[in-house]
file model-v6.txt (compact mmCIF, C-alpha atoms)
# COMPACT_ATOMS: atom_id res chain seq x y z
CA MET B 1 -14.40 -79.67 225.35
CA THR B 2 -16.84 -80.99 227.86
CA ALA B 3 -17.69 -77.81 229.67
CA THR B 4 -21.11 -78.43 231.13
CA THR B 5 -23.46 -75.56 230.90
CA PRO B 6 -25.70 -75.18 233.92
CA PRO B 7 -29.34 -76.02 233.19
CA ARG B 8 -31.26 -73.00 232.08
CA ILE B 9 -33.37 -71.88 234.96
CA ALA B 10 -36.56 -70.21 233.94
CA PRO B 11 -36.82 -66.86 235.69
CA VAL B 12 -39.50 -66.88 238.34
CA ARG B 13 -42.12 -64.47 237.19
CA ALA B 14 -44.07 -62.42 239.63
CA ARG B 15 -47.74 -61.80 238.99
CA ARG B 16 -46.93 -58.14 238.50
CA SER B 17 -44.28 -58.64 235.81
CA GLY B 18 -44.54 -58.17 232.06
CA VAL B 19 -48.01 -58.33 230.60
CA GLY B 20 -49.32 -58.93 234.13
CA ARG B 21 -48.97 -55.19 234.62
CA VAL B 22 -51.50 -54.55 231.87
CA LEU B 23 -53.82 -57.03 233.57
CA ILE B 24 -53.44 -55.14 236.84
CA ALA B 25 -54.05 -51.78 235.14
CA VAL B 26 -57.27 -53.00 233.52
CA TYR B 27 -58.39 -54.54 236.82
CA ALA B 28 -57.72 -51.24 238.57
CA VAL B 29 -59.86 -49.36 236.03
CA LEU B 30 -62.63 -51.95 236.34
CA ALA B 31 -62.50 -51.73 240.14
CA LEU B 32 -62.67 -47.93 239.96
CA ALA B 33 -65.61 -48.01 237.54
CA ALA B 34 -67.53 -50.63 239.52
CA LEU B 35 -66.89 -48.86 242.83
CA GLY B 36 -68.01 -45.49 241.48
CA ARG B 37 -71.16 -46.82 239.92
CA SER B 38 -72.26 -49.08 242.76
CA GLY B 39 -71.52 -46.33 245.27
CA PHE B 40 -73.80 -44.04 243.29
CA GLN B 41 -76.52 -46.69 243.04
CA LEU B 42 -76.40 -47.50 246.75
CA ALA B 43 -76.45 -43.83 247.70
CA THR B 44 -79.29 -42.69 245.45
CA LYS B 45 -81.58 -45.60 244.59
CA PHE B 46 -80.91 -48.43 247.01
CA ASN B 47 -84.63 -48.98 247.64
CA GLU B 48 -85.41 -49.57 243.97
CA ALA B 49 -83.46 -52.81 243.79
CA PRO B 50 -81.55 -53.65 246.97
CA PHE B 51 -80.46 -57.06 245.72
CA ALA B 52 -79.07 -55.88 242.38
CA TYR B 53 -77.22 -52.94 243.91
CA VAL B 54 -75.77 -54.90 246.83
CA LEU B 55 -74.60 -57.48 244.29
CA SER B 56 -72.92 -54.69 242.29
CA ALA B 57 -71.23 -53.43 245.44
CA VAL B 58 -69.99 -56.92 246.34
CA ALA B 59 -68.65 -57.31 242.79
CA ALA B 60 -66.89 -53.94 243.07
CA VAL B 61 -65.20 -54.88 246.35
CA VAL B 62 -64.09 -58.21 244.88
CA TYR B 63 -62.52 -56.35 241.94
CA VAL B 64 -60.58 -54.19 244.38
CA VAL B 65 -59.32 -57.25 246.33
CA ALA B 66 -58.43 -59.02 243.07
CA THR B 67 -56.41 -55.98 241.93
CA ILE B 68 -54.49 -55.91 245.22
CA SER B 69 -53.88 -59.66 245.16
CA LEU B 70 -52.37 -59.40 241.68
CA ILE B 71 -49.96 -56.69 242.84
CA ALA B 72 -49.00 -58.15 246.23
CA PRO B 73 -46.29 -60.85 246.21
CA GLY B 74 -46.39 -64.23 247.92
CA ARG B 75 -48.34 -67.45 247.89
CA ALA B 76 -51.11 -66.31 250.21
CA TRP B 77 -51.94 -63.46 247.85
CA ALA B 78 -51.78 -65.87 244.92
CA ARG B 79 -54.48 -67.90 246.64
CA VAL B 80 -56.54 -64.76 247.20
CA ALA B 81 -56.15 -63.96 243.51
CA TRP B 82 -57.36 -67.45 242.53
CA VAL B 83 -60.40 -67.21 244.80
CA THR B 84 -61.46 -63.67 243.89
CA ILE B 85 -60.94 -64.07 240.15
CA SER B 86 -62.78 -67.43 240.13
CA PHE B 87 -65.59 -65.76 242.08
CA GLU B 88 -65.80 -63.05 239.41
CA LEU B 89 -65.92 -65.58 236.61
CA ALA B 90 -68.66 -67.55 238.37
CA GLY B 91 -70.55 -64.31 239.10
CA VAL B 92 -70.47 -63.00 235.55
CA LEU B 93 -71.46 -66.39 234.12
CA ILE B 94 -74.35 -66.96 236.54
CA VAL B 95 -75.70 -63.41 236.57
CA GLY B 96 -75.05 -63.07 232.84
CA PHE B 97 -77.02 -66.24 232.13
CA LEU B 98 -79.90 -65.29 234.42
CA SER B 99 -80.12 -61.74 233.06
CA VAL B 100 -80.37 -63.06 229.52
CA PHE B 101 -82.79 -65.92 230.10
CA VAL B 102 -84.74 -64.74 233.17
CA PRO B 103 -84.63 -60.96 232.64
CA SER B 104 -87.37 -60.37 235.22
CA LEU B 105 -84.86 -61.26 237.94
CA PHE B 106 -82.53 -58.45 236.92
CA GLN B 107 -84.61 -55.43 235.97
CA HIS B 108 -81.84 -53.20 237.27
CA HIS B 109 -78.39 -53.35 235.80
CA THR B 110 -75.48 -54.81 237.71
CA VAL B 111 -71.84 -54.99 236.73
CA TRP B 112 -72.44 -58.54 235.56
CA SER B 113 -75.76 -58.13 233.70
CA ILE B 114 -75.70 -59.59 230.18
CA TYR B 115 -72.12 -60.76 230.78
CA GLY B 116 -70.94 -57.25 231.60
CA ILE B 117 -72.25 -55.47 228.50
CA ASP B 118 -72.12 -52.07 230.27
CA TYR B 119 -68.38 -52.54 230.72
CA VAL B 120 -67.62 -53.69 227.16
CA PHE B 121 -67.67 -57.31 228.37
CA LEU B 122 -64.52 -56.76 230.42
CA PRO B 123 -66.13 -58.53 233.43
CA LEU B 124 -66.35 -61.66 231.25
CA VAL B 125 -62.95 -61.36 229.54
CA MET B 126 -60.80 -60.26 232.47
CA PRO B 127 -61.31 -63.22 234.84
CA ILE B 128 -60.51 -65.62 231.99
CA LEU B 129 -57.28 -63.75 231.18
CA GLY B 130 -56.59 -63.45 234.90
CA LEU B 131 -56.89 -67.19 235.53
CA LEU B 132 -54.72 -67.95 232.48
CA TRP B 133 -52.09 -65.55 233.80
CA LEU B 134 -52.21 -67.08 237.29
CA ARG B 135 -51.81 -70.56 235.81
CA ARG B 136 -48.85 -69.43 233.77
CA THR B 137 -47.03 -67.68 236.61
CA ARG B 138 -47.64 -70.71 238.85
CA ALA B 139 -46.41 -73.17 236.19
CA GLU B 140 -43.22 -71.17 235.74
CA ARG B 141 -42.66 -71.07 239.46
CA ILE B 142 -42.99 -74.85 239.72
CA THR B 143 -40.61 -75.35 236.76
CA ALA B 144 -38.15 -72.95 238.32
CA SER B 145 -38.15 -74.70 241.69
CA GLU B 146 -37.74 -78.10 240.01
CA ASN B 147 -34.79 -76.81 237.99
CA ALA B 148 -33.24 -75.33 241.08
CA GLN B 149 -33.11 -78.71 242.81
CA MET D 1 -71.26 -30.76 228.17
CA ILE D 2 -70.60 -29.67 224.59
CA GLU D 3 -71.33 -32.23 221.92
CA TRP D 4 -68.54 -31.47 219.42
CA LEU D 5 -65.91 -31.14 222.17
CA THR D 6 -66.90 -34.50 223.62
CA LEU D 7 -66.85 -36.14 220.20
CA LEU D 8 -63.42 -34.64 219.49
CA GLN D 9 -62.09 -35.89 222.80
CA ILE D 10 -63.44 -39.40 222.28
CA LEU D 11 -61.73 -39.42 218.86
CA VAL D 12 -58.41 -38.27 220.35
CA ALA D 13 -58.66 -40.88 223.13
CA VAL D 14 -59.52 -43.72 220.76
CA ILE D 15 -56.77 -42.83 218.24
CA GLY D 16 -54.16 -42.22 220.95
CA GLY D 17 -55.21 -45.37 222.78
CA ALA D 18 -55.02 -47.55 219.67
CA ILE D 19 -51.59 -46.13 218.73
CA ALA D 20 -50.21 -46.73 222.25
CA VAL D 21 -51.55 -50.29 222.48
CA LEU D 22 -50.03 -51.12 219.06
CA LEU D 23 -46.67 -49.45 219.84
CA GLY D 24 -46.55 -51.22 223.20
CA LEU D 25 -47.27 -54.60 221.66
CA ILE D 26 -44.43 -54.17 219.13
CA GLY D 27 -42.12 -53.42 222.04
CA ARG D 28 -41.80 -49.63 222.22
CA ARG D 29 -41.19 -47.96 225.55
CA PRO D 30 -43.32 -44.96 226.50
CA ASN D 31 -42.19 -42.10 224.24
CA ASP D 32 -43.10 -38.48 223.52
CA LEU D 33 -45.92 -39.47 221.17
CA THR D 34 -47.75 -41.82 223.52
CA MET D 35 -47.14 -39.58 226.54
CA ALA D 36 -48.41 -36.58 224.56
CA PHE D 37 -51.63 -38.34 223.60
CA THR D 38 -52.23 -39.31 227.22
CA GLY D 39 -51.43 -35.76 228.28
CA VAL D 40 -53.88 -34.26 225.78
CA VAL D 41 -56.58 -36.71 226.92
CA ALA D 42 -55.96 -35.64 230.53
CA LEU D 43 -55.93 -31.95 229.60
CA LEU D 44 -59.21 -32.24 227.69
CA LEU D 45 -60.75 -33.92 230.74
CA ILE D 46 -59.83 -30.88 232.82
CA VAL D 47 -61.49 -28.76 230.10
CA GLN D 48 -64.54 -31.04 230.40
CA LEU D 49 -64.57 -30.39 234.14
CA GLY D 50 -64.61 -26.64 233.48
CA VAL D 51 -67.35 -27.03 230.88
CA ALA D 52 -69.37 -29.23 233.26
CA ILE D 53 -69.16 -26.61 236.00
CA ALA D 54 -70.03 -23.73 233.65
CA SER D 55 -72.73 -25.40 231.53
CA PRO D 56 -75.63 -25.47 234.04
CA LEU D 57 -74.96 -21.80 234.82
CA MET D 58 -75.51 -21.03 231.13
CA GLY D 59 -78.68 -23.05 230.80
CA ASN D 60 -77.05 -26.22 229.46
CA GLU D 61 -78.51 -28.70 231.95
CA PRO D 62 -77.75 -32.42 231.98
CA SER D 63 -80.73 -34.63 231.13
CA GLY D 64 -79.59 -37.26 233.62
CA SER D 65 -78.03 -37.36 237.07
CA LEU D 66 -75.35 -34.73 237.59
CA LEU D 67 -73.94 -36.73 240.52
CA GLU D 68 -73.47 -39.83 238.35
CA PHE D 69 -71.88 -37.63 235.68
CA TYR D 70 -69.35 -36.23 238.16
CA ILE D 71 -68.47 -39.69 239.50
CA TYR D 72 -67.55 -40.69 235.95
CA LEU D 73 -65.70 -37.45 235.28
CA ILE D 74 -63.58 -37.55 238.46
CA SER D 75 -62.81 -41.26 237.92
CA ALA D 76 -61.88 -40.52 234.31
CA ILE D 77 -59.49 -37.73 235.37
CA ILE D 78 -57.65 -40.13 237.72
CA VAL D 79 -57.05 -42.71 234.96
CA PRO D 80 -54.67 -40.90 232.53
CA PHE D 81 -52.71 -39.34 235.39
CA ALA D 82 -52.23 -42.72 237.07
CA ALA D 83 -51.17 -44.30 233.76
CA GLY D 84 -48.81 -41.38 233.05
CA PHE D 85 -47.07 -41.66 236.43
CA TRP D 86 -46.83 -45.42 235.93
CA ALA D 87 -45.15 -44.84 232.55
CA LEU D 88 -42.63 -42.43 234.12
CA VAL D 89 -41.71 -44.93 236.86
CA ASP D 90 -41.75 -48.17 234.86
CA ARG D 91 -40.04 -47.65 231.50
CA SER D 92 -41.14 -50.93 229.94
CA ARG D 93 -43.15 -51.68 226.81
CA TRP D 94 -46.08 -52.69 229.00
CA SER D 95 -46.36 -49.15 230.27
CA THR D 96 -47.03 -48.08 226.69
CA VAL D 97 -49.87 -50.61 226.50
CA ILE D 98 -51.19 -49.29 229.81
CA LEU D 99 -51.16 -45.71 228.44
CA GLY D 100 -53.27 -47.01 225.56
CA VAL D 101 -55.65 -48.91 227.82
CA ALA D 102 -56.07 -45.77 229.94
CA CYS D 103 -56.95 -43.67 226.88
CA LEU D 104 -59.45 -46.28 225.67
CA ALA D 105 -61.01 -46.49 229.14
CA VAL D 106 -61.41 -42.69 229.16
CA ALA D 107 -63.11 -42.92 225.75
CA VAL D 108 -65.66 -45.38 227.13
CA MET D 109 -66.23 -43.23 230.22
CA LEU D 110 -66.71 -40.12 228.05
CA TYR D 111 -69.26 -42.00 225.99
CA ARG D 112 -71.12 -42.91 229.19
CA MET D 113 -70.90 -39.29 230.38
CA SER D 114 -72.35 -38.04 227.09
CA GLN D 115 -75.21 -40.53 227.47
CA ILE D 116 -75.92 -39.26 230.98
CA TRP D 117 -75.76 -35.63 229.89
CA PHE D 118 -77.62 -35.79 226.58
CA ILE D 119 -80.00 -38.77 226.54
CA GLN D 120 -80.38 -40.45 229.94
CA SER D 121 -83.79 -38.97 230.78
CA VAL D 122 -84.93 -37.53 227.46

call {"tool": "encode", "arguments": {"input": "model-v6.txt", "output": "structure tokens"}}
result
Amino acid sequence: MTATTPPRIAPVRARRSGVGRVLIAVYAVLALAALGRSGFQLATKFNEAPFAYVLSAVAAVVYVVATISLIAPGRAWARVAWVTISFELAGVLIVGFLSVFVPSLFQHHTVWSIYGIDYVFLPLVMPILGLLWLRRTRAERITASENAQ
Amino acid sequence: MIEWLTLLQILVAVIGGAIAVLLGLIGRRPNDLTMAFTGVVALLLIVQLGVAIASPLMGNEPSGSLLEFYIYLISAIIVPFAAGFWALVDRSRWSTVILGVACLAVAVMLYRMSQIWFIQSV
């Protein structure tokens, strides 16, 4: 009996499969929360702290793009996901650090102040989980294409 | 906003959210229990909307910004409905987790709304 079994091909996982859906749902909520709050800040008290509130708005827009890039298929969107989620991680680390150690710079709260404390630290946790998920889906894709050859 | 009602709703959202996250992680698909919790959370948010409209007319004024309060409330109402539709379309265990995440997010938003209403500018 020498029946050869075909090599097991790992299923190619889309970014929106399995636990990735939970990631997308949390991102969507975060995008909604950040958009709502920064919209309110820009509309009512822009003059108090233009820099902080524009930063919040930029962060909110990036969350929206990141959410879309996790849902949309294809390599181009994967690249968008990498860029936006890395940007978020850099933002929360830099602004978080500055708001803790140079609080005078950030008198007014942004999404990223104190590592996202206003959003139960989701702005710090989500990009890390997001990058791990992107790495995993990419690794599986590479394995799958190697197996297919 | 009514204090005990808000507290009750936060409790329901936290308990329902925790149950759904746990059930989802052990592999359960969305079922009557998790859908019911999400439904009750959504229903209570509609009640909150009614209370928010009626309260200022009866002398129960928010201490903070009413506009900010409504942005949170409208956003919060979208969340359980979106998660519920998702769970009806995608019958996987992850939809159960998403129902839980939605309930927990509503709990946080309710907490923020209570801060705006009761203590923001006191």

call {"tool": "atom_distance", "arguments": {"input": "model-v6.txt", "atom1": "CA of Gly39 in chain B", "atom2": "CA of Ala76 in chain B"}}
result
29.0 Å

call {"tool": "interface_residues", "arguments": {"input": "model-v6.txt", "of": "chain D", "to": "chain B", "cutoff": "9 Å", "atoms": "all atoms listed in the file", "output": "list in words"}}
result
Leu67, Glu68, Ile71, Tyr72, Ser75, Ala76, Val79, Ala83, Ser92, Arg93, Trp94, Ser95, Val97, Ile98, Val101, Ala102, Ala105, Val108 and Met109 of chain D

call {"tool": "write_last_selection", "arguments": {"input": "model-v6.txt", "atoms": "C-alpha atoms", "output": "PDB file, in the coordinates of the input"}}
result
ATOM      1  CA  LEU D  67     -73.940 -36.730 240.520  1.00  0.00           C
ATOM      2  CA  GLU D  68     -73.470 -39.830 238.350  1.00  0.00           C
ATOM      3  CA  ILE D  71     -68.470 -39.690 239.500  1.00  0.00           C
ATOM      4  CA  TYR D  72     -67.550 -40.690 235.950  1.00  0.00           C
ATOM      5  CA  SER D  75     -62.810 -41.260 237.920  1.00  0.00           C
ATOM      6  CA  ALA D  76     -61.880 -40.520 234.310  1.00  0.00           C
ATOM      7  CA  VAL D  79     -57.050 -42.710 234.960  1.00  0.00           C
ATOM      8  CA  ALA D  83     -51.170 -44.300 233.760  1.00  0.00           C
ATOM      9  CA  SER D  92     -41.140 -50.930 229.940  1.00  0.00           C
ATOM     10  CA  ARG D  93     -43.150 -51.680 226.810  1.00  0.00           C
ATOM     11  CA  TRP D  94     -46.080 -52.690 229.000  1.00  0.00           C
ATOM     12  CA  SER D  95     -46.360 -49.150 230.270  1.00  0.00           C
ATOM     13  CA  VAL D  97     -49.870 -50.610 226.500  1.00  0.00           C
ATOM     14  CA  ILE D  98     -51.190 -49.290 229.810  1.00  0.00           C
ATOM     15  CA  VAL D 101     -55.650 -48.910 227.820  1.00  0.00           C
ATOM     16  CA  ALA D 102     -56.070 -45.770 229.940  1.00  0.00           C
ATOM     17  CA  ALA D 105     -61.010 -46.490 229.140  1.00  0.00           C
ATOM     18  CA  VAL D 108     -65.660 -45.380 227.130  1.00  0.00           C
ATOM     19  CA  MET D 109     -66.230 -43.230 230.220  1.00  0.00           C
TER      20      MET D 109
END

call {"tool": "residues_around", "arguments": {"input": "model-v6.txt", "residues": "Ala107 in chain D", "least_positions_apart": "3", "cutoff": "6 Å", "atoms": "only C-alpha atoms", "output": "list in words"}}
result
Ile10, Ala13, Leu104 and Leu110 of chain D

call {"tool": "closest_residue", "arguments": {"input": "model-v6.txt", "among": "B:Ala43, B:Ala34, B:Ala139, B:Val92", "to": "Val64 in chain B", "atoms": "only C-alpha atoms"}}
result
B:Ala34

call {"tool": "atom_distance", "arguments": {"input": "model-v6.txt", "atom1": "CA of Gly116 in chain B", "atom2": "CA of Val100 in chain B"}}
result
11.3 Å

call {"tool": "atom_distance", "arguments": {"input": "model-v6.txt", "atom1": "CA of Leu5 in chain D", "atom2": "CA of Gln120 in chain D"}}
result
18.9 Å

call {"tool": "residues_around", "arguments": {"input": "model-v6.txt", "residues": "Leu8 in chain D", "least_positions_apart": "4", "cutoff": "12 Å", "atoms": "all atoms listed in the file", "output": "list in words"}}
result
Ile2, Glu3, Trp4, Val12, Ala13, Val14, Ile15, Val40, Val41, Leu44, Leu45, Gln48, Ala107, Leu110 and Tyr111 of chain D

call {"tool": "closest_residue", "arguments": {"input": "model-v6.txt", "among": "D:Ile74, D:Pro62, D:Val106, D:Leu99", "to": "Leu11 in chain D", "atoms": "only C-alpha atoms"}}
result
D:Val106

call {"tool": "closest_residue", "arguments": {"input": "model-v6.txt", "among": "B:Leu55, B:Ala81, B:Leu89, B:Val62", "to": "Ser38 in chain B", "atoms": "all atoms listed in the file"}}
result
B:Leu55

call {"tool": "closest_residue", "arguments": {"input": "model-v6.txt", "among": "D:Gly27, D:Ala54, D:Gly84, D:Ala42", "to": "Gln9 in chain D", "atoms": "all atoms listed in the file"}}
result
D:Ala42

call {"tool": "closest_residue", "arguments": {"input": "model-v6.txt", "among": "B:Arg15, B:Ile114, B:Phe51, B:Leu131", "to": "Val95 in chain B", "atoms": "all atoms listed in the file"}}
result
B:Ile114

call {"tool": "residues_around", "arguments": {"input": "model-v6.txt", "residues": "Val80 in chain B", "least_positions_apart": "5", "cutoff": "9 Å", "atoms": "only C-alpha atoms", "output": "short mmCIF file (atom, residue, chain, number, x, y, z; two decimals) with C-alpha atoms, keeping the file's coordinate frame"}}
result
data_model
loop_
_atom_site.label_atom_id
_atom_site.label_comp_id
_atom_site.auth_asym_id
_atom_site.auth_seq_id
_atom_site.Cartn_x
_atom_site.Cartn_y
_atom_site.Cartn_z
CA VAL B 65 -59.32 -57.25 246.33
CA ALA B 66 -58.43 -59.02 243.07
CA SER B 69 -53.88 -59.66 245.16
CA LEU B 70 -52.37 -59.40 241.68
CA ARG B 75 -48.34 -67.45 247.89
CA ILE B 85 -60.94 -64.07 240.15
#

call {"tool": "residues_near_point", "arguments": {"input": "model-v6.txt", "point": "(-79.4, -56.0, 234.8)", "cutoff": "12 Å", "atoms": "all atoms listed in the file", "output": "PyMOL selection string"}}
result
chain B and resi 49+51-53+55-56+92+95-118

call {"tool": "closest_residue", "arguments": {"input": "model-v6.txt", "among": "D:Ser63, D:Leu23, D:Leu49, D:Ala18", "to": "Ser114 in chain D", "atoms": "only C-alpha atoms"}}
result
D:Ser63

call {"tool": "decode", "arguments": {"input": "model-v6.txt", "residues": "range 56-87 of chain B", "atoms": "N, CA and C atoms", "output": "PDB file, in the first residue's frame"}}
result
ATOM      1  N   SER B  56      -6.640  64.018  17.041  1.00  0.00           N
ATOM      2  CA  SER B  56      -7.719  63.064  17.314  1.00  0.00           C
ATOM      3  C   SER B  56      -8.479  62.728  16.043  1.00  0.00           C
ATOM      4  N   ALA B  57      -8.739  63.749  15.233  1.00  0.00           N
ATOM      5  CA  ALA B  57      -9.493  63.527  13.999  1.00  0.00           C
ATOM      6  C   ALA B  57      -8.693  62.660  13.031  1.00  0.00           C
ATOM      7  N   VAL B  58      -7.380  62.953  12.923  1.00  0.00           N
ATOM      8  CA  VAL B  58      -6.521  62.133  12.054  1.00  0.00           C
ATOM      9  C   VAL B  58      -6.549  60.684  12.532  1.00  0.00           C
ATOM     10  N   ALA B  59      -6.411  60.493  13.856  1.00  0.00           N
ATOM     11  CA  ALA B  59      -6.436  59.141  14.415  1.00  0.00           C
ATOM     12  C   ALA B  59      -7.757  58.446  14.063  1.00  0.00           C
ATOM     13  N   ALA B  60      -8.859  59.193  14.181  1.00  0.00           N
ATOM     14  CA  ALA B  60     -10.174  58.606  13.896  1.00  0.00           C
ATOM     15  C   ALA B  60     -10.264  58.147  12.446  1.00  0.00           C
ATOM     16  N   VAL B  61      -9.786  58.995  11.523  1.00  0.00           N
ATOM     17  CA  VAL B  61      -9.838  58.632  10.101  1.00  0.00           C
ATOM     18  C   VAL B  61      -8.975  57.403   9.829  1.00  0.00           C
ATOM     19  N   VAL B  62      -7.806  57.349  10.497  1.00  0.00           N
ATOM     20  CA  VAL B  62      -6.933  56.186  10.299  1.00  0.00           C
ATOM     21  C   VAL B  62      -7.615  54.910  10.811  1.00  0.00           C
ATOM     22  N   TYR B  63      -8.357  55.008  11.920  1.00  0.00           N
ATOM     23  CA  TYR B  63      -9.087  53.834  12.397  1.00  0.00           C
ATOM     24  C   TYR B  63     -10.118  53.369  11.376  1.00  0.00           C
ATOM     25  N   VAL B  64     -10.777  54.319  10.736  1.00  0.00           N
ATOM     26  CA  VAL B  64     -11.771  53.957   9.720  1.00  0.00           C
ATOM     27  C   VAL B  64     -11.085  53.236   8.554  1.00  0.00           C
ATOM     28  N   VAL B  65      -9.960  53.804   8.062  1.00  0.00           N
ATOM     29  CA  VAL B  65      -9.245  53.175   6.936  1.00  0.00           C
ATOM     30  C   VAL B  65      -8.733  51.795   7.334  1.00  0.00           C
ATOM     31  N   ALA B  66      -8.224  51.679   8.576  1.00  0.00           N
ATOM     32  CA  ALA B  66      -7.718  50.380   9.037  1.00  0.00           C
ATOM     33  C   ALA B  66      -8.842  49.343   9.054  1.00  0.00           C
ATOM     34  N   THR B  67     -10.032  49.754   9.527  1.00  0.00           N
ATOM     35  CA  THR B  67     -11.173  48.834   9.560  1.00  0.00           C
ATOM     36  C   THR B  67     -11.499  48.344   8.159  1.00  0.00           C
ATOM     37  N   ILE B  68     -11.557  49.280   7.203  1.00  0.00           N
ATOM     38  CA  ILE B  68     -11.876  48.910   5.819  1.00  0.00           C
ATOM     39  C   ILE B  68     -10.802  47.980   5.254  1.00  0.00           C
ATOM     40  N   SER B  69      -9.533  48.288   5.542  1.00  0.00           N
ATOM     41  CA  SER B  69      -8.450  47.498   4.957  1.00  0.00           C
ATOM     42  C   SER B  69      -8.426  46.080   5.524  1.00  0.00           C
ATOM     43  N   LEU B  70      -8.965  45.896   6.742  1.00  0.00           N
ATOM     44  CA  LEU B  70      -9.038  44.542   7.294  1.00  0.00           C
ATOM     45  C   LEU B  70     -10.153  43.745   6.628  1.00  0.00           C
ATOM     46  N   ILE B  71     -11.215  44.443   6.211  1.00  0.00           N
ATOM     47  CA  ILE B  71     -12.351  43.761   5.591  1.00  0.00           C
ATOM     48  C   ILE B  71     -12.061  43.460   4.122  1.00  0.00           C
ATOM     49  N   ALA B  72     -11.480  44.448   3.404  1.00  0.00           N
ATOM     50  CA  ALA B  72     -11.318  44.320   1.963  1.00  0.00           C
ATOM     51  C   ALA B  72     -10.236  43.288   1.630  1.00  0.00           C
ATOM     52  N   PRO B  73     -10.478  42.450   0.613  1.00  0.00           N
ATOM     53  CA  PRO B  73      -9.503  41.428   0.252  1.00  0.00           C
ATOM     54  C   PRO B  73      -8.384  41.989  -0.620  1.00  0.00           C
ATOM     55  N   GLY B  74      -7.332  41.209  -0.791  1.00  0.00           N
ATOM     56  CA  GLY B  74      -6.280  41.574  -1.741  1.00  0.00           C
ATOM     57  C   GLY B  74      -5.028  42.105  -1.086  1.00  0.00           C
ATOM     58  N   ARG B  75      -3.939  42.060  -1.869  1.00  0.00           N
ATOM     59  CA  ARG B  75      -2.641  42.439  -1.319  1.00  0.00           C
ATOM     60  C   ARG B  75      -2.514  43.926  -1.084  1.00  0.00           C
ATOM     61  N   ALA B  76      -3.109  44.717  -1.979  1.00  0.00           N
ATOM     62  CA  ALA B  76      -3.001  46.171  -1.821  1.00  0.00           C
ATOM     63  C   ALA B  76      -3.612  46.587  -0.485  1.00  0.00           C
ATOM     64  N   TRP B  77      -4.785  45.995  -0.181  1.00  0.00           N
ATOM     65  CA  TRP B  77      -5.430  46.345   1.085  1.00  0.00           C
ATOM     66  C   TRP B  77      -4.637  45.819   2.276  1.00  0.00           C
ATOM     67  N   ALA B  78      -3.945  44.683   2.068  1.00  0.00           N
ATOM     68  CA  ALA B  78      -3.093  44.173   3.150  1.00  0.00           C
ATOM     69  C   ALA B  78      -2.011  45.191   3.469  1.00  0.00           C
ATOM     70  N   ARG B  79      -1.470  45.812   2.396  1.00  0.00           N
ATOM     71  CA  ARG B  79      -0.424  46.811   2.613  1.00  0.00           C
ATOM     72  C   ARG B  79      -1.008  48.028   3.341  1.00  0.00           C
ATOM     73  N   VAL B  80      -2.202  48.420   2.934  1.00  0.00           N
ATOM     74  CA  VAL B  80      -2.858  49.542   3.619  1.00  0.00           C
ATOM     75  C   VAL B  80      -3.049  49.210   5.095  1.00  0.00           C
ATOM     76  N   ALA B  81      -3.435  47.964   5.369  1.00  0.00           N
ATOM     77  CA  ALA B  81      -3.639  47.549   6.761  1.00  0.00           C
ATOM     78  C   ALA B  81      -2.323  47.650   7.542  1.00  0.00           C
ATOM     79  N   TRP B  82      -1.242  47.158   6.933  1.00  0.00           N
ATOM     80  CA  TRP B  82       0.069  47.251   7.604  1.00  0.00           C
ATOM     81  C   TRP B  82       0.408  48.700   7.933  1.00  0.00           C
ATOM     82  N   VAL B  83       0.252  49.576   6.944  1.00  0.00           N
ATOM     83  CA  VAL B  83       0.648  50.975   7.125  1.00  0.00           C
ATOM     84  C   VAL B  83      -0.218  51.650   8.186  1.00  0.00           C
ATOM     85  N   THR B  84      -1.542  51.498   8.075  1.00  0.00           N
ATOM     86  CA  THR B  84      -2.417  52.224   9.005  1.00  0.00           C
ATOM     87  C   THR B  84      -2.264  51.696  10.427  1.00  0.00           C
ATOM     88  N   ILE B  85      -2.160  50.376  10.570  1.00  0.00           N
ATOM     89  CA  ILE B  85      -2.085  49.818  11.921  1.00  0.00           C
ATOM     90  C   ILE B  85      -0.725  50.144  12.552  1.00  0.00           C
ATOM     91  N   SER B  86       0.344  50.143  11.733  1.00  0.00           N
ATOM     92  CA  SER B  86       1.655  50.560  12.262  1.00  0.00           C
ATOM     93  C   SER B  86       1.620  52.026  12.686  1.00  0.00           C
ATOM     94  N   PHE B  87       0.944  52.844  11.870  1.00  0.00           N
ATOM     95  CA  PHE B  87       0.806  54.264  12.189  1.00  0.00           C
ATOM     96  C   PHE B  87       0.107  54.445  13.540  1.00  0.00           C
TER      97      PHE B  87
END
